[in-house]
file target-v5.cif (mmCIF, C-alpha atoms)
data_upload
#
loop_
_atom_site.label_atom_id
_atom_site.label_comp_id
_atom_site.auth_asym_id
_atom_site.auth_seq_id
_atom_site.Cartn_x
_atom_site.Cartn_y
_atom_site.Cartn_z
CA MET A 689 22.62 59.95 -35.07
CA SER A 690 26.10 59.57 -36.48
CA GLY A 691 26.84 56.40 -38.32
CA GLN A 692 29.74 57.40 -40.46
CA PRO A 693 33.14 56.71 -38.91
CA ASP A 694 33.55 53.21 -37.54
CA PHE A 695 36.83 52.18 -35.97
CA GLY A 696 35.65 48.66 -35.19
CA THR A 697 38.00 45.79 -35.96
CA ALA A 698 35.37 43.11 -36.46
CA PRO A 699 34.55 42.49 -40.13
CA ARG A 700 31.39 44.37 -41.02
CA PRO A 701 28.99 43.29 -43.72
CA SER A 702 30.23 45.16 -46.75
CA ARG A 703 27.74 47.63 -48.14
CA ALA A 704 27.93 48.15 -51.86
CA PRO A 705 27.78 51.73 -53.16
CA LEU A 706 24.29 53.07 -53.85
CA TRP A 707 24.61 52.82 -57.64
CA ASP A 708 25.82 49.25 -57.38
CA ARG A 709 22.78 48.37 -55.28
CA VAL A 710 20.48 50.18 -57.72
CA ALA A 711 22.10 48.30 -60.62
CA LEU A 712 21.75 45.02 -58.74
CA VAL A 713 18.04 45.64 -58.12
CA ALA A 714 17.54 46.71 -61.76
CA GLY A 715 19.35 43.58 -62.94
CA GLY A 716 17.17 41.43 -60.73
CA LEU A 717 14.03 43.06 -62.10
CA ALA A 718 15.27 42.60 -65.68
CA LEU A 719 15.95 38.94 -64.93
CA LEU A 720 12.43 38.49 -63.57
CA ALA A 721 10.93 40.29 -66.57
CA SER A 722 12.90 38.17 -69.04
CA GLY A 723 11.91 35.03 -67.15
CA ALA A 724 8.24 36.02 -67.36
CA ALA A 725 8.62 36.81 -71.07
CA ALA A 726 10.29 33.44 -71.69
CA TRP A 727 7.45 31.69 -69.85
CA ARG A 728 4.85 33.53 -71.96
CA ALA A 729 6.79 32.68 -75.14
CA ARG A 730 6.87 29.03 -74.09
CA ASP A 731 3.07 29.04 -73.68
CA GLU A 732 2.63 30.74 -77.04
CA ALA A 733 4.95 28.18 -78.69
CA GLY A 734 2.81 25.37 -77.23
CA THR A 735 -0.37 26.98 -78.57
CA ALA A 736 1.27 27.47 -81.97
CA ARG A 737 2.33 23.79 -82.04
CA VAL A 738 -1.27 22.66 -81.36
CA ARG A 739 -2.57 25.01 -84.06
CA LEU A 740 0.06 23.75 -86.52
CA ALA A 741 -0.98 20.15 -85.85
CA GLU A 742 -4.61 21.11 -86.57
CA VAL A 743 -3.59 22.78 -89.82
CA HIS A 744 -1.57 19.69 -90.79
CA ARG A 745 -4.63 17.54 -90.15
CA ASP A 746 -6.79 19.90 -92.25
CA VAL A 747 -4.24 19.85 -95.06
CA GLU A 748 -4.09 16.05 -94.91
CA THR A 749 -7.88 15.79 -95.06
CA ALA A 750 -8.05 18.23 -97.95
CA SER A 751 -5.27 16.36 -99.76
CA ARG A 752 -7.09 13.08 -99.29
CA ARG A 753 -10.30 14.57 -100.65
CA LEU A 754 -8.42 16.08 -103.58
CA ARG A 755 -6.81 12.73 -104.39
CA ASP A 756 -10.24 11.06 -104.19
CA LEU A 757 -11.78 13.62 -106.54
CA GLU A 758 -8.84 13.36 -108.94
CA GLY A 759 -9.22 9.56 -108.91
CA ARG A 760 -12.90 9.88 -109.76
CA ALA A 761 -12.12 12.29 -112.55
CA ARG A 762 -9.58 9.88 -114.02
CA ALA A 763 -12.16 7.02 -113.76
CA GLY A 764 -14.51 8.91 -116.14
CA THR A 765 -17.23 9.93 -113.72
CA PRO A 766 -17.01 13.59 -114.10
CA LEU A 767 -18.74 15.86 -111.69
CA LEU A 768 -22.11 17.10 -112.85
CA PRO A 769 -22.61 20.76 -112.09
CA ALA A 770 -25.83 21.36 -110.13
CA ALA A 771 -26.80 24.00 -112.70
CA ASP A 772 -27.04 21.25 -115.36
CA ALA A 773 -29.39 19.13 -113.29
CA PRO A 774 -31.68 21.38 -111.28
CA PRO A 775 -33.84 19.24 -108.94
CA ALA A 776 -37.01 21.17 -109.81
CA ARG A 777 -36.62 20.33 -113.52
CA ILE A 778 -35.88 16.67 -112.81
CA VAL A 779 -38.92 16.39 -110.54
CA SER A 780 -41.22 18.10 -113.02
CA THR A 781 -39.99 15.81 -115.81
CA LEU A 782 -40.59 12.72 -113.67
CA ALA A 783 -44.03 14.03 -112.67
CA SER A 784 -44.96 14.28 -116.34
CA LEU A 785 -44.05 10.61 -116.80
CA LEU A 786 -46.01 9.25 -113.83
CA PRO A 787 -49.44 7.74 -114.69
CA GLY A 788 -52.48 8.45 -112.49
CA HIS A 789 -52.03 5.55 -110.06
CA ALA A 790 -48.35 6.00 -109.48
CA ARG A 791 -46.41 8.49 -107.36
CA LEU A 792 -42.81 9.39 -106.60
CA ASP A 793 -42.01 8.53 -102.98
CA GLY A 794 -38.37 9.60 -102.93
CA LEU A 795 -35.61 11.01 -105.13
CA SER A 796 -31.85 11.40 -104.64
CA ILE A 797 -29.44 12.97 -107.12
CA ASP A 798 -25.72 12.03 -107.05
CA TYR A 799 -23.89 14.87 -108.78
CA GLY A 800 -20.51 13.31 -107.94
CA ARG A 801 -21.27 10.29 -110.13
CA GLY A 802 -22.48 12.21 -113.16
CA GLY A 803 -26.13 12.73 -112.21
CA VAL A 804 -27.21 9.26 -111.09
CA LEU A 805 -30.81 9.31 -109.84
CA GLN A 806 -32.28 6.96 -107.27
CA LEU A 807 -36.11 6.95 -107.47
CA ASN A 808 -38.53 5.28 -105.08
CA VAL A 809 -41.79 4.76 -106.94
CA VAL A 810 -45.10 3.48 -105.54
CA ALA A 811 -47.86 2.30 -107.92
CA ARG A 812 -51.32 1.05 -106.83
CA GLU A 813 -51.53 -1.18 -109.89
CA ALA A 814 -48.94 -3.19 -111.74
CA ALA A 815 -50.12 -1.65 -115.01
CA ALA A 816 -49.36 1.83 -113.78
CA TRP A 817 -45.90 0.67 -112.74
CA ASP A 818 -45.20 -0.90 -116.09
CA LEU A 819 -46.45 2.20 -117.87
CA PHE A 820 -44.13 4.45 -115.82
CA LEU A 821 -41.12 2.26 -116.57
CA ASP A 822 -41.96 2.29 -120.26
CA ARG A 823 -42.29 6.07 -120.36
CA LEU A 824 -39.08 6.52 -118.39
CA ALA A 825 -37.11 4.22 -120.62
CA ARG A 826 -38.25 6.08 -123.68
CA GLU A 827 -37.71 9.52 -122.31
CA PRO A 828 -34.52 10.94 -123.96
CA ARG A 829 -33.58 12.98 -120.87
CA PHE A 830 -32.91 9.76 -118.95
CA ARG A 831 -30.65 6.86 -119.76
CA GLU A 832 -29.44 3.68 -118.12
CA VAL A 833 -32.83 3.04 -116.49
CA GLU A 834 -32.53 0.05 -114.16
CA PRO A 835 -35.57 -1.00 -112.12
CA GLY A 836 -34.77 -2.58 -108.76
CA PRO A 837 -36.50 -5.45 -106.98
CA GLU A 838 -40.28 -5.07 -106.98
CA SER A 839 -42.73 -5.64 -104.17
CA ARG A 840 -46.17 -6.51 -105.55
CA ASP A 841 -48.26 -7.34 -102.46
CA ALA A 842 -51.05 -4.79 -102.60
CA GLU A 843 -49.21 -2.15 -104.54
CA VAL A 844 -45.93 -2.03 -106.43
CA ARG A 845 -42.96 -0.49 -104.64
CA SER A 846 -39.59 -0.39 -106.32
CA PRO A 847 -36.43 1.61 -106.50
CA VAL A 848 -35.35 2.70 -109.95
CA ARG A 849 -31.88 3.82 -110.97
CA ALA A 850 -31.47 6.17 -113.91
CA VAL A 851 -29.02 8.77 -115.19
CA TRP A 852 -30.14 12.27 -115.95
CA VAL A 853 -28.96 13.29 -119.38
CA GLY A 854 -30.75 16.57 -119.53
CA GLY A 855 -31.36 18.55 -122.66
CA ALA A 856 -33.98 20.99 -123.81
CA PRO A 857 -37.00 21.13 -121.53
CA MET B 367 14.90 45.62 -19.86
CA ALA B 368 16.22 47.02 -23.15
CA PHE B 369 14.14 49.72 -24.81
CA LEU B 370 12.69 49.04 -28.21
CA GLY B 371 13.85 51.43 -30.95
CA THR B 372 16.80 52.66 -28.95
CA ARG B 373 20.49 52.93 -29.70
CA LEU B 374 22.89 52.36 -26.83
CA TYR B 375 26.22 54.18 -26.67
CA LEU B 376 28.92 53.15 -24.24
CA GLY B 377 31.71 55.63 -23.60
CA LEU B 378 34.88 54.70 -21.75
CA ASP B 379 37.30 57.27 -20.40
CA ALA B 380 39.81 57.49 -17.59
CA SER B 381 37.35 58.70 -14.98
CA ALA B 382 34.14 56.85 -15.80
CA VAL B 383 32.14 54.48 -17.94
CA THR B 384 29.14 56.25 -19.44
CA ALA B 385 26.12 54.58 -21.02
CA ALA B 386 23.53 56.60 -22.93
CA ALA B 387 20.41 55.18 -24.56
CA PHE B 388 18.82 57.29 -27.27
CA GLY B 389 15.46 56.82 -28.88
CA ASP B 390 15.52 56.47 -32.65
CA GLY B 391 12.92 58.51 -34.47
CA LEU B 392 12.29 61.60 -36.50
CA GLY B 393 14.57 64.57 -35.80
CA ARG B 394 17.29 64.50 -33.22
CA PRO B 395 17.66 61.52 -30.90
CA ARG B 396 16.05 61.80 -27.50
CA PRO B 397 17.91 60.58 -24.42
CA ARG B 398 16.01 57.77 -22.71
CA ALA B 399 18.48 56.64 -20.09
CA LEU B 400 21.88 57.73 -18.87
CA ALA B 401 24.29 56.06 -16.49
CA ASP B 402 27.71 57.20 -15.35
CA VAL B 403 29.81 54.80 -13.31
CA PRO B 404 33.06 56.31 -11.94
CA LEU B 405 36.32 54.42 -12.31
CA ALA B 406 39.18 54.46 -9.86
CA PRO B 407 42.22 56.31 -11.25
CA GLY B 408 44.35 54.10 -13.49
CA ALA B 409 41.73 51.53 -14.45
CA ILE B 410 41.71 52.99 -17.97
CA ALA B 411 44.70 54.98 -19.22
CA PRO B 412 43.92 56.38 -22.71
CA SER B 413 47.10 56.28 -24.75
CA PRO B 414 47.96 56.05 -28.46
CA SER B 415 50.29 53.09 -28.16
CA ALA B 416 50.48 51.73 -24.60
CA ALA B 417 47.95 49.42 -22.95
CA ASN B 418 44.70 51.30 -22.27
CA VAL B 419 42.59 48.89 -20.25
CA VAL B 420 44.86 48.44 -17.24
CA ARG B 421 42.49 46.81 -14.75
CA GLY B 422 40.12 44.84 -16.92
CA GLU B 423 37.98 43.29 -14.19
CA GLU B 424 37.24 46.66 -12.67
CA VAL B 425 36.32 48.11 -16.06
CA ARG B 426 34.11 45.11 -16.88
CA GLU B 427 32.20 45.53 -13.65
CA ALA B 428 31.71 49.24 -14.30
CA ILE B 429 30.43 48.45 -17.80
CA ARG B 430 27.96 45.87 -16.46
CA ARG B 431 26.62 48.39 -13.96
CA ALA B 432 26.39 51.16 -16.53
CA VAL B 433 24.43 49.16 -19.15
CA SER B 434 22.31 47.21 -16.68
CA GLY B 435 18.81 47.04 -18.12
CA LEU B 436 19.65 49.19 -21.14
CA GLY B 437 20.59 46.56 -23.72
CA ARG B 438 23.38 44.39 -25.05
CA ARG B 439 24.19 45.86 -28.46
CA VAL B 440 26.30 48.99 -28.19
CA THR B 441 28.18 51.59 -30.12
CA LEU B 442 31.49 51.85 -28.34
CA VAL B 443 32.82 55.39 -27.88
CA LEU B 444 36.59 55.51 -27.46
CA PRO B 445 38.05 58.35 -25.38
CA ASP B 446 40.09 61.29 -26.57
CA GLY B 447 43.82 60.76 -26.11
CA LEU B 448 44.42 57.60 -28.11
CA ALA B 449 43.96 58.83 -31.69
CA ARG B 450 45.99 61.02 -33.98
CA ILE B 451 43.52 63.71 -35.13
CA ALA B 452 44.06 66.40 -37.74
CA LEU B 453 42.06 68.79 -39.93
CA LEU B 454 43.22 68.36 -43.52
CA GLU B 455 42.42 69.86 -46.89
CA VAL B 456 41.57 66.93 -49.14
CA PRO B 457 42.47 67.25 -52.85
CA GLY B 458 39.39 67.02 -55.01
CA ARG B 459 40.17 63.71 -56.69
CA ALA B 460 41.69 61.96 -53.70
CA ASP B 461 39.86 59.38 -51.63
CA PRO B 462 39.60 61.13 -48.23
CA ARG B 463 40.47 58.05 -46.20
CA ASP B 464 43.50 57.22 -48.33
CA PHE B 465 44.65 60.82 -48.22
CA VAL B 466 44.32 61.01 -44.43
CA ARG B 467 46.21 57.75 -44.06
CA PHE B 468 48.95 59.12 -46.30
CA ARG B 469 49.21 62.40 -44.39
CA LEU B 470 49.08 60.93 -40.89
CA ALA B 471 51.27 57.89 -41.53
CA ALA B 472 54.59 59.64 -40.88
CA SER B 473 53.46 61.06 -37.54
CA LEU B 474 52.03 57.88 -36.04
CA PRO B 475 53.87 56.35 -33.07
CA TRP B 476 53.11 52.88 -34.45
CA PRO B 477 53.45 51.24 -37.90
CA ALA B 478 50.97 52.79 -40.35
CA SER B 479 49.79 49.32 -41.34
CA GLU B 480 48.34 48.92 -37.83
CA ALA B 481 46.25 52.09 -38.13
CA ILE B 482 42.49 52.24 -38.51
CA VAL B 483 41.77 55.50 -40.29
CA GLU B 484 38.40 57.23 -40.43
CA VAL B 485 37.26 60.56 -41.83
CA LEU B 486 34.67 63.13 -40.80
CA PRO B 487 33.73 65.55 -43.61
CA ALA B 488 34.24 69.11 -42.34
CA GLY B 489 33.03 71.25 -45.26
CA ARG B 490 34.91 73.50 -47.70
CA GLY B 491 36.99 70.57 -48.95
CA ARG B 492 38.29 69.75 -45.51
CA ALA B 493 38.01 66.65 -43.39
CA VAL B 494 38.83 65.71 -39.85
CA GLY B 495 40.97 62.60 -40.08
CA ALA B 496 41.64 60.25 -37.19
CA ALA B 497 43.96 57.26 -36.88
CA VAL B 498 43.76 54.72 -34.07
CA ARG B 499 45.98 51.72 -33.47
CA ARG B 500 44.13 48.48 -34.18
CA SER B 501 45.37 46.75 -31.03
CA THR B 502 44.06 49.64 -28.94
CA VAL B 503 40.58 49.29 -30.43
CA VAL B 504 40.73 45.56 -29.80
CA GLU B 505 41.42 46.21 -26.10
CA TYR B 506 38.21 48.21 -25.73
CA GLU B 507 36.18 45.77 -27.85
CA GLN B 508 37.40 42.84 -25.77
CA VAL B 509 36.56 44.40 -22.44
CA ALA B 510 33.06 45.22 -23.73
CA ALA B 511 32.64 41.67 -25.03
CA ALA B 512 33.86 40.30 -21.69
CA ALA B 513 31.07 42.29 -20.06
CA GLY B 514 28.58 40.43 -22.26
CA LEU B 515 28.04 43.15 -24.86
CA SER B 516 27.89 42.97 -28.62
CA VAL B 517 29.79 45.83 -30.22
CA GLU B 518 28.07 47.08 -33.39
CA HIS B 519 30.18 50.15 -34.09
CA VAL B 520 33.19 51.88 -32.65
CA HIS B 521 33.32 55.67 -32.62
CA LEU B 522 35.65 58.27 -31.21
CA ALA B 523 34.46 60.76 -28.57
CA PRO B 524 36.06 63.90 -30.05
CA LEU B 525 34.71 63.10 -33.52
CA LEU B 526 31.17 62.70 -32.13
CA ALA B 527 31.51 66.08 -30.39
CA LEU B 528 32.93 67.82 -33.49
CA GLU B 529 30.23 66.29 -35.65
CA GLY B 530 27.59 67.69 -33.28
CA LEU B 531 29.19 71.13 -33.35
CA MET B 532 29.16 71.13 -37.16
CA ARG B 533 25.60 69.83 -37.35
CA SER B 534 24.35 72.50 -34.96
CA GLY B 535 26.17 75.30 -36.83
CA ALA B 536 28.56 76.16 -34.02
CA ARG B 537 29.15 79.86 -33.46
CA ASP B 538 32.42 81.50 -34.50
CA ALA B 539 34.74 80.77 -31.56
CA VAL B 540 37.43 78.47 -30.28
CA HIS B 541 35.62 75.35 -29.07
CA ALA B 542 37.44 73.33 -26.45
CA VAL B 543 36.15 69.74 -26.33
CA LEU B 544 37.45 68.09 -23.18
CA GLY B 545 38.08 64.46 -22.48
CA ASP B 546 39.59 63.09 -19.30
CA VAL B 547 43.17 63.03 -20.59
CA ALA B 548 43.10 65.01 -23.84
CA LEU B 549 41.30 67.91 -25.47
CA CYS B 550 40.50 69.26 -28.92
CA LEU B 551 40.72 72.95 -29.68
CA ALA B 552 38.68 73.69 -32.80
CA LEU B 553 38.37 77.16 -34.28
CA PHE B 554 35.00 77.47 -36.01
CA HIS B 555 34.08 79.97 -38.71
CA GLY B 556 30.76 79.85 -40.52
CA GLY B 557 29.74 76.65 -38.78
CA VAL B 558 32.78 74.60 -39.86
CA PRO B 559 36.19 74.08 -38.30
CA VAL B 560 39.03 76.02 -39.88
CA ALA B 561 41.77 74.98 -37.45
CA LEU B 562 42.11 72.04 -35.09
CA ARG B 563 44.53 71.02 -32.36
CA ASN B 564 44.45 67.88 -30.31
CA ARG B 565 46.71 67.45 -27.29
CA ARG B 566 46.85 65.86 -23.87
CA ARG B 567 45.43 67.77 -20.94
CA ASP B 568 47.53 69.12 -18.11
CA ARG B 569 45.10 69.16 -15.22
CA SER B 570 47.52 70.61 -12.73
CA SER B 571 46.91 73.96 -11.16
CA GLY B 572 46.34 76.79 -13.64
CA GLU B 573 44.73 74.65 -16.35
CA ALA B 574 41.96 77.20 -16.90
CA GLU B 575 44.41 80.02 -17.47
CA ARG B 576 46.54 77.94 -19.83
CA LEU B 577 43.43 76.90 -21.76
CA ARG B 578 42.34 80.52 -22.17
CA ASP B 579 45.78 81.58 -23.38
CA GLU B 580 46.03 78.71 -25.79
CA ALA B 581 42.60 79.49 -27.21
CA SER B 582 43.64 83.12 -27.73
CA ARG B 583 46.80 82.06 -29.54
CA ALA B 584 44.88 79.60 -31.72
CA ALA B 585 42.34 82.28 -32.63
CA ALA B 586 45.02 84.86 -33.37
CA ALA B 587 46.99 82.44 -35.50
CA ALA B 588 43.90 81.91 -37.58
CA GLY B 589 43.19 85.63 -37.83
CA ASP B 590 40.30 85.67 -35.37
CA GLY B 591 40.63 88.49 -32.87
CA SER B 592 37.44 87.81 -30.93
CA GLY B 593 39.09 85.33 -28.58
CA ARG B 594 35.71 83.84 -27.73
CA LEU B 595 36.10 80.49 -25.99
CA VAL B 596 33.47 77.77 -25.72
CA VAL B 597 34.19 74.83 -23.40
CA SER B 598 32.41 71.46 -23.34
CA GLY B 599 33.11 68.11 -21.77
CA ARG B 600 34.65 66.71 -18.62
CA GLU B 601 35.15 69.35 -15.90
CA ALA B 602 34.02 72.05 -18.32
CA ALA B 603 31.88 73.61 -15.60
CA ARG B 604 34.89 74.01 -13.30
CA LEU B 605 37.04 75.50 -16.05
CA ARG B 606 34.28 77.89 -17.13
CA LEU B 607 34.00 79.02 -13.52
CA GLU B 608 37.72 79.53 -13.19
CA ILE B 609 38.08 81.38 -16.49
CA GLY B 610 35.05 83.53 -15.83
CA GLU B 611 31.51 83.06 -17.09
CA GLY B 612 31.71 86.34 -18.99
CA VAL B 613 34.58 85.09 -21.13
CA VAL B 614 33.75 81.47 -21.67
CA GLU B 615 30.52 79.87 -22.80
CA GLN B 616 28.96 76.43 -22.90
CA SER B 617 28.29 74.85 -26.29
CA LEU B 618 27.41 71.19 -25.96
CA PRO B 619 25.28 70.85 -22.84
CA GLY B 620 24.23 67.44 -21.64
CA PRO B 621 20.63 66.40 -21.27
CA ALA B 622 18.40 67.84 -18.56
CA GLY B 623 19.23 66.42 -15.16
CA TRP B 624 22.80 65.66 -16.18
CA SER B 625 25.03 67.19 -13.54
CA ASP B 626 27.99 69.43 -14.42
CA SER B 627 30.40 66.86 -13.06
CA GLU B 628 29.03 64.30 -15.51
CA GLU B 629 29.14 66.56 -18.57
CA THR B 630 30.35 64.53 -21.53
CA ALA B 631 31.11 66.22 -24.82
CA TRP B 632 30.24 63.26 -27.08
CA ILE B 633 26.74 63.00 -25.60
CA GLY B 634 26.31 66.73 -26.22
CA GLY B 635 27.48 66.08 -29.79
CA LEU B 636 24.83 63.41 -30.28
CA LEU B 637 22.14 65.73 -28.93
CA ALA B 638 23.26 68.81 -30.89
#

call {"tool": "encode", "arguments": {"input": "target-v5.cif", "output": "C-alpha cells"}}
result
Amino acid sequence: MSGQPDFGTAPRPSRAPLWDRVALVAGGLALLASGAAAWRARDEAGTARVRLAEVHRDVETASRRLRDLEGRARAGTPLLPAADAPPARIVSTLASLLPGHARLDGLSIDYGRGGVLQLNVVAREAAAWDLFLDRLAREPRFREVEPGPESRDAEVRSPVRAVWVGGAP
Amino acid sequence: MAFLGTRLYLGLDASAVTAAAFGDGLGRPRPRALADVPLAPGAIAPSPSAANVVRGEEVREAIRRAVSGLGRRVTLVLPDGLARIALLEVPGRADPRDFVRFRLAASLPWPASEAIVEVLPAGRGRAVGAAVRRSTVVEYEQVAAAAGLSVEHVHLAPLLALEGLMRSGARDAVHAVLGDVALCLALFHGGVPVALRNRRRDRSSGEAERLRDEASRAAAAAGDGSGRLVVSGREAARLRLEIGEGVVEQSLPGPAGWSDSEETAWIGGLLA
C-alpha cells in the first residue's frame, strides 16, 4: 500500500528520521541505565557508611582499651606474661604447701595486675589453716600474702590474696 | 460496519465517487469492498486553479452512499487534472521535494507559495514530481469532512497508478493512465518511466485515434519504435476497443467483478 506522498493540508504528526528515533531510543536506554547505576551506587554508599560507622566504633573501643592499658602501665602494674606464671606451676607449688587437712577450692590469676592470685582455701581444722598460711607466707615465690575473713564453723573457709613472684622451681 | 484491519480509499473524479476498502496484511492488499456512485456532470470539475467541488451537497451525498458501512477514516484520492506533474532528473545532492518545487514553480498557474509538492521516486535518479494548489486540496478535504469522514492522507490518482506500474515492473510501452478529465502518458523502459506527459483529455469524437497517434509520437521521441500502447483507467475499455485489441493492451485491471465502465486506474495501481 502506498504511504509516501501526502498532499493533505492538515498538520500531521511529524515523524523524526529513523536515525533520530534510534538515537532517541538509545538515549532513553542510556538514561535508564545511568539511573539504575546511580541507584545501585546510592545503596552501596549507604552500606559503606554503615560499615564506616562500625569501624569507627571498633577504633574507639580499641583506643579506649589502649588508653586503659597505657594508664595501668604508667601506674606501675605491669602486665605479667602468662609464660612467667604458668597455672600448672602455681598450682603445684600451692599443693606442696597445703597440709593434709586442707585443700584448694578455687584459684584465679590476674595477669593484668602483675600476677595477683585469689585463693579459696578450705581446712577441716584451724591448725591446718594456720599451718598453710605460715608456709605460704614463708614461701619465697609468693609475696604480699593477705588472708581474708575466716569462717570457722565446722571447718575454716577463707579467701587468700597473694602475689606470685616466681623464680626457680 | 467498518472492517477491522482495512484501509479505505475514497476517490473523487468528475464522473463518480469511488470507495475501495483494502485488507491490510502480508503481500499485496486485497480488495474487500468497492462502491462506485456516479455523479451528474459538473458536480466536480477537476481543475488546477478554479473551484473543483461545484455542487457540494450532491458530492457529499454521493460520498455518504459510497462509504456507507465501510468506515470513517479515509485516504482521499484526488483526480487527475488538478496537479502539475512532471518526470525530473534529480541532482544527487538535492532534496527531491525542494528540487521539484524549484523546477515546477515557474510553470504553476498559481503562486508557488500556495503549492503542496510531493515526490514519487522513479528510479535511475528520476522522480515524478507533482504540485497541487493548497486551496484545491482543502476543497476536497472539506467536502469529505462534511460527509462525516476523517481524512488521514491525501493522494493523487495518477501517482497511485504510476506507483503501481513501477512496482509491478510495467512492460516496455507507452502507458496511458486515464482520469475523467486528464490523462498521463508514461513511456516505460526496464520497469521505470523514462518520459511522462500529463494533459487534459479531449473526449470528443476520434479520441482513440488521437491517443494512438500521440502515443506513437511519444515513443518515437524517446527512441522507442515499438509503438506498443497500454491503456488503463476510465473508459479504457472503450478506447481499447476503438483502437483495436491487437494494438492496445490492458495494464492495470480492476478487481474481479469490477465492470469495464467502472475501471479506475488508481485502484489498479494499488492492486498491482

call {"tool": "interface_residues", "arguments": {"input": "target-v5.cif", "of": "chain B", "to": "chain A", "cutoff": "9 Å", "atoms": "all atoms listed in the file", "output": "PyMOL selection string"}}
result
chain B and resi 390+394-395+442+482-486+497-498+500-501+503-504+507+517-522+525-526+529-530+636-637

call {"tool": "closest_residue", "arguments": {"input": "target-v5.cif", "among": "B:Tyr506, B:Phe465, B:Phe554, B:Phe388", "to": "Val443 (chain B)", "atoms": "only C-alpha atoms"}}
result
B:Tyr506

call {"tool": "atom_distance", "arguments": {"input": "target-v5.cif", "atom1": "CA of Leu607 (chain B)", "atom2": "CA of Glu573 (chain B)"}}
result
11.9 Å

call {"tool": "resolve_selection", "arguments": {"input": "target-v5.cif", "expression": "the PyMOL selection byres ((chain B and resi 467-478) around 9)", "output": "ChimeraX atom specification"}}
result
/B:414-415,450-452,454,462-466,479-484,495-497,499

call {"tool": "resolve_selection", "arguments": {"input": "target-v5.cif", "expression": "the PyMOL selection byres ((chain B and resi 516) around 10)", "output": "list in words"}}
result
Gly437, Arg438, Arg439, Val440, Thr441, Leu442, Glu507, Gln508, Ala510, Ala511, Ala512, Ala513, Gly514, Leu515, Val517, Glu518 and His519 of chain B

call {"tool": "atom_distance", "arguments": {"input": "target-v5.cif", "atom1": "CA of Pro828 (chain A)", "atom2": "CA of Val853 (chain A)"}}
result
7.6 Å

call {"tool": "atom_distance", "arguments": {"input": "target-v5.cif", "atom1": "CA of Ala552 (chain B)", "atom2": "CA of Leu376 (chain B)"}}
result
24.3 Å

call {"tool": "residues_around", "arguments": {"input": "target-v5.cif", "residues": "Ile797 (chain A)", "least_positions_apart": "2", "cutoff": "10 Å", "atoms": "all atoms listed in the file", "output": "VMD selection string"}}
result
chain A and resid 770 773 to 775 778 795 799 to 807 850 to 852

call {"tool": "resolve_selection", "arguments": {"input": "target-v5.cif", "expression": "the PyMOL selection byres ((chain B and resi 418) around 9)", "output": "list in words"}}
result
Ala409, Ile410, Ala411, Pro412, Ser413, Pro414, Ser415, Ala416, Ala417, Val419, Val420, Leu448, Thr502, Glu505 and Tyr506 of chain B

call {"tool": "closest_residue", "arguments": {"input": "target-v5.cif", "among": "A:Leu740, A:Ala733, A:Ala815, A:Leu712", "to": "Gly788 (chain A)", "atoms": "all atoms listed in the file"}}
result
A:Ala815

call {"tool": "residues_near_point", "arguments": {"input": "target-v5.cif", "point": "(38.4, 64.3, -19.7)", "cutoff": "8 Å", "atoms": "only C-alpha atoms", "output": "list of chain:residue names"}}
result
B:Asp379, B:Ala380, B:Ser381, B:Asp446, B:Leu544, B:Gly545, B:Asp546, B:Val547, B:Ala548, B:Leu549, B:Arg567, B:Gly599, B:Arg600, B:Glu601

call {"tool": "closest_residue", "arguments": {"input": "target-v5.cif", "among": "B:Val425, B:Val596, B:Ala588, B:Gly535", "to": "Cys550 (chain B)", "atoms": "all atoms listed in the file"}}
result
B:Val596

call {"tool": "decode", "arguments": {"input": "target-v5.cif", "residues": "region 743-754 of chain A", "atoms": "N, CA and C atoms", "output": "PDB file, in the first residue's frame"}}
result
ATOM      1  N   VAL A 743      33.439   0.571  61.904  1.00  0.00           N
ATOM      2  CA  VAL A 743      34.892   0.651  62.043  1.00  0.00           C
ATOM      3  C   VAL A 743      35.265   1.746  63.037  1.00  0.00           C
ATOM      4  N   HIS A 744      34.533   2.896  62.956  1.00  0.00           N
ATOM      5  CA  HIS A 744      34.790   3.976  63.912  1.00  0.00           C
ATOM      6  C   HIS A 744      34.564   3.497  65.337  1.00  0.00           C
ATOM      7  N   ARG A 745      33.461   2.744  65.515  1.00  0.00           N
ATOM      8  CA  ARG A 745      33.169   2.226  66.865  1.00  0.00           C
ATOM      9  C   ARG A 745      34.286   1.286  67.328  1.00  0.00           C
ATOM     10  N   ASP A 746      34.753   0.408  66.399  1.00  0.00           N
ATOM     11  CA  ASP A 746      35.831  -0.529  66.749  1.00  0.00           C
ATOM     12  C   ASP A 746      37.098   0.226  67.125  1.00  0.00           C
ATOM     13  N   VAL A 747      37.409   1.276  66.331  1.00  0.00           N
ATOM     14  CA  VAL A 747      38.604   2.064  66.597  1.00  0.00           C
ATOM     15  C   VAL A 747      38.496   2.739  67.959  1.00  0.00           C
ATOM     16  N   GLU A 748      37.279   3.263  68.242  1.00  0.00           N
ATOM     17  CA  GLU A 748      37.068   3.944  69.520  1.00  0.00           C
ATOM     18  C   GLU A 748      37.244   2.979  70.691  1.00  0.00           C
ATOM     19  N   THR A 749      36.684   1.769  70.537  1.00  0.00           N
ATOM     20  CA  THR A 749      36.821   0.758  71.588  1.00  0.00           C
ATOM     21  C   THR A 749      38.283   0.382  71.799  1.00  0.00           C
ATOM     22  N   ALA A 750      38.970   0.180  70.654  1.00  0.00           N
ATOM     23  CA  ALA A 750      40.385  -0.195  70.746  1.00  0.00           C
ATOM     24  C   ALA A 750      41.191   0.929  71.378  1.00  0.00           C
ATOM     25  N   SER A 751      40.856   2.190  71.023  1.00  0.00           N
ATOM     26  CA  SER A 751      41.574   3.328  71.583  1.00  0.00           C
ATOM     27  C   SER A 751      41.365   3.403  73.098  1.00  0.00           C
ATOM     28  N   ARG A 752      40.089   3.174  73.475  1.00  0.00           N
ATOM     29  CA  ARG A 752      39.787   3.202  74.912  1.00  0.00           C
ATOM     30  C   ARG A 752      40.600   2.149  75.663  1.00  0.00           C
ATOM     31  N   ARG A 753      40.623   0.950  75.086  1.00  0.00           N
ATOM     32  CA  ARG A 753      41.356  -0.152  75.729  1.00  0.00           C
ATOM     33  C   ARG A 753      42.845   0.173  75.786  1.00  0.00           C
ATOM     34  N   LEU A 754      43.356   0.781  74.708  1.00  0.00           N
ATOM     35  CA  LEU A 754      44.770   1.134  74.678  1.00  0.00           C
ATOM     36  C   LEU A 754      45.082   2.163  75.766  1.00  0.00           C
TER      37      LEU A 754
END
